[in-house]
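Structure first, commentary second.
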Amino acid sequence: MVVVSTSRSLPATADDRAPDAPARVAVLIPCFNDGALLDDALNSLDHQEPCEVVVVDDGSTDPATARALARAAERGVTVLRQFNAGPSRARMRALAATSAPFVMGLDADDELAPGALARLADALDRDPTCDAVWGEVETFGAFCARRTMARSVDPWAITYLNDLPAAALFRRAALEAIGGWSLDDGYEDWDLWMRFAGSGRRGRNVGGVFHRYRQNEAASRRVSDTRQHGRLMGVLRARNAGLYASRGRNWRASPAPWGVRLGLPLVGALPGVDEDRRFRWEHFVAKWFDPRWRLVVDGVEEPVGLRRVAGRLRRVAGRAARRIARR
């Protein structure tokens with residue numbers, strides 16, 4: 001594990017802070033065979049205020065990633081290498097190599113919107129009682145969409161569904177106090193938010209799009225997390241037992257819509273339902289009663305409820321008609 005370049009701040013297009021002021025923000029980027037996309041992630045940081053940037057090569061094996069990491073080192077980014085250990089350990093390795101008071105984890109296949117870091121850091125500077133800030137998420141790549149994230153950290157709702165973004169800006173002291181990213185095999189961001197909520201810390205949505213989430217084949221690891229949802233939920237419950245034990249008290253204080261507050265416990269209490277199906281039904285409840293869970297895809301709101309069911313029936317009927325026509 002070698003530091004192949006010294007860290008320096010990337011240039012910003014507009015920043016009225018003193019040029020010799022220490023960086024307020026550290027950006028931590030785990031990279032595993034993401035060489036085809038790492039340049040885009042780093043390019044998105046060119047439109048930010050000066051920041052510490054550390055890329056951790058998490059045991060990549062393809063030549064394209066080796067070349068991308070070399071280019072990153074040439075532009076002044078700190079590049080560290082480790083044996084493949086997963087994104088949590090890569091982020092924590094990067095965290096240890098930085099000192100800025102505010103910290104953001106950014107996946108190597110995602111991007112930040114122009115000016116995102118300055119706006120988020122300003123929000124934390126203005127509110128010393130707040131330990132994390134975030135905004136909305138814009139999906140790009142295979143399709144374009146926009147998702148409205150939670151307005152605040154809800155200790156009750158987070159035990160059912162994660163409506164908080166992976167790319168949020170944390171106060172370093174708060175992040176280190178809860179142990180940072182520490183789950184190795186999936187749902188590491190959900191686990192982080194659960195521990196953040198369980199510690200009683202405060203975070204809020206400051207509005208606007210900051211995180212650009214790439215939707216394509218590179219997101220396959222995130223999809224694989226949902227395929228082992230039952231096992232991972234067992235891990236989350238064991239690691240955050242106190243938060244689950246406080247569900248009743250937190251339910252009474254939850255700002256979630258009443259339909260969500262009634263529907264999610266009802267789904268959770270259904271007997272004989274496996275975790276994967278329960279998870280799908282919980283999402284259905286959230287999308288039906290809380291418009292924040294609905295994606296706006298290519299300018300059109302994602303259908304929910306009866307419209308969604310009707311759409312599925314039309315697709316099934318269309319496939320059946322095509323099969324009959326081919327006979």
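Note on naming: chains are A, B, ... as they come in the structure tokens, residues start from 1 per chain, ligands start from 1 in the order shown.
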Contacts between segment 111-128 of chain A and segment 38-70 of chain A, please, where a residue of segment 38-70 of chain A counts if it comes within 10 Å (with only C-alpha atoms); show its shortest atom pair and distance in Å to one decimal, rows by chain and ascending number, as JSON lines.
{"residue": "A:Leu38", "atom": "CA", "partner": "A:Glu111", "partner_atom": "CA", "distance": 9.3}
{"residue": "A:Asp39", "atom": "CA", "partner": "A:Glu111", "partner_atom": "CA", "distance": 9.9}
{"residue": "A:Asp40", "atom": "CA", "partner": "A:Glu111", "partner_atom": "CA", "distance": 7.0}
{"residue": "A:Ala41", "atom": "CA", "partner": "A:Glu111", "partner_atom": "CA", "distance": 4.8}
{"residue": "A:Leu42", "atom": "CA", "partner": "A:Glu111", "partner_atom": "CA", "distance": 7.8}
{"residue": "A:Asn43", "atom": "CA", "partner": "A:Glu111", "partner_atom": "CA", "distance": 8.3}
{"residue": "A:Ser44", "atom": "CA", "partner": "A:Leu112", "partner_atom": "CA", "distance": 5.6}
{"residue": "A:Leu45", "atom": "CA", "partner": "A:Leu112", "partner_atom": "CA", "distance": 6.9}
{"residue": "A:Asp46", "atom": "CA", "partner": "A:Pro114", "partner_atom": "CA", "distance": 8.3}
{"residue": "A:His47", "atom": "CA", "partner": "A:Pro114", "partner_atom": "CA", "distance": 5.0}
{"residue": "A:Gln48", "atom": "CA", "partner": "A:Gly115", "partner_atom": "CA", "distance": 5.0}
{"residue": "A:Glu49", "atom": "CA", "partner": "A:Ala118", "partner_atom": "CA", "distance": 5.9}
{"residue": "A:Pro50", "atom": "CA", "partner": "A:Ala118", "partner_atom": "CA", "distance": 9.1}
{"residue": "A:Cys51", "atom": "CA", "partner": "A:Leu117", "partner_atom": "CA", "distance": 8.6}
Residues flagged helix (DSSP H, G or I) by DSSP in segment 73-236 of chain A, as JSON, numbers by chain: {"A": [73, 74, 87, 88, 89, 90, 91, 92, 93, 94, 95, 96, 116, 117, 118, 119, 120, 121, 122, 123, 124, 125, 126, 157, 158, 159, 172, 173, 174, 175, 176, 177, 188, 189, 190, 191, 192, 193, 194, 195, 196, 197, 198, 217, 218, 219, 220, 221, 222, 223, 224, 225, 226, 227, 229, 230, 231, 232, 233, 234, 235, 236]}
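Nearest to Asp184 of chain A of all the residues A:Val235, A:Ala72, A:Leu262, A:Ile29 is A:Val235, counting only C-alpha atoms.
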Within 12 Å of segment 130-134 of chain A, which residues of segment 208-286 of chain A come that close, and what is the closest atom pair and distance in Å for each? Count only C-alpha atoms and give it as a tab-separated table.
residue	atom	partner	partner_atom	distance
A:Gly208	CA	A:Trp134	CA	8.7
A:Val209	CA	A:Trp134	CA	8.7
A:Phe210	CA	A:Trp134	CA	7.3
A:His211	CA	A:Trp134	CA	8.5
Export C-alpha atoms of the chosen residues as a PDB file, in the first residue's frame?
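Written output follows (again.pdb):
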ATOM      1  CA  GLY A 208     -30.879  21.205  -4.722  1.00  0.00           C
ATOM      2  CA  VAL A 209     -29.104  18.438  -6.658  1.00  0.00           C
ATOM      3  CA  PHE A 210     -25.595  17.641  -5.414  1.00  0.00           C
ATOM      4  CA  HIS A 211     -25.043  13.936  -6.149  1.00  0.00           C
TER       5      HIS A 211
END
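Between atom CA of Gly242 of chain A and atom CA of Gly198 of chain A the interatomic distance comes to 7.3 Å.
Note that the spacing between atom CA of Pro265 of chain A and atom CA of Arg247 of chain A amounts to 9.9 Å.
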Strand (DSSP E) call set, DSSP backbone run, segment 54-225 of chain A, as number ranges by chain: A: 54-58, 78-82, 102-105, 111-112, 132-141, 145-147, 169-171, 203-215
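Among the candidates A:Ala269, A:Ala168, A:Val296, A:Val77, the one nearest to Thr98 of chain A when counting only C-alpha atoms is A:Val77.
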Spatial neighbours of Gly268 of chain A, 9 Å, only C-alpha atoms, chain gap at least 6 places, as a compact mmCIF listing (two decimals) with N, CA and C atoms, in the first residue's frame:
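Now in selection13.txt:
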# COMPACT_ATOMS: atom_id res chain seq x y z
N TYR A 160 -36.67 0.73 8.32
CA TYR A 160 -37.43 0.06 7.27
C TYR A 160 -36.82 0.28 5.88
N ARG A 278 -41.14 -8.73 1.50
CA ARG A 278 -41.50 -7.69 2.46
C ARG A 278 -40.85 -6.36 2.06
N GLU A 282 -42.73 -2.89 1.27
CA GLU A 282 -42.40 -1.66 2.01
C GLU A 282 -42.13 -0.51 1.04
Shell around Met104 of chain A at 7 Å using only C-alpha atoms, local window under 3 positions removed, as a PyMOL selection string: chain A and resi 26-28+167-170
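For the choices A:Val137, A:Cys144, A:Ala36, A:Leu264, the atom-to-atom distance to Leu69 of chain A is smallest for A:Ala36 when using only C-alpha atoms.
Atom CA of Ser88 of chain A sits 19.3 Å away from atom CA of Thr65 of chain A.
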Who sits within 8 Å of segment 250-253 of chain A, only C-alpha atoms, same chain under 4 positions skipped, as a VMD selection string: chain A and resid 155 to 157 246 261
Contact residues around Cys31 of chain A with only C-alpha atoms at 7 Å, ignoring same-chain residues under 6 positions, as number ranges by chain: A: 55-58, 108
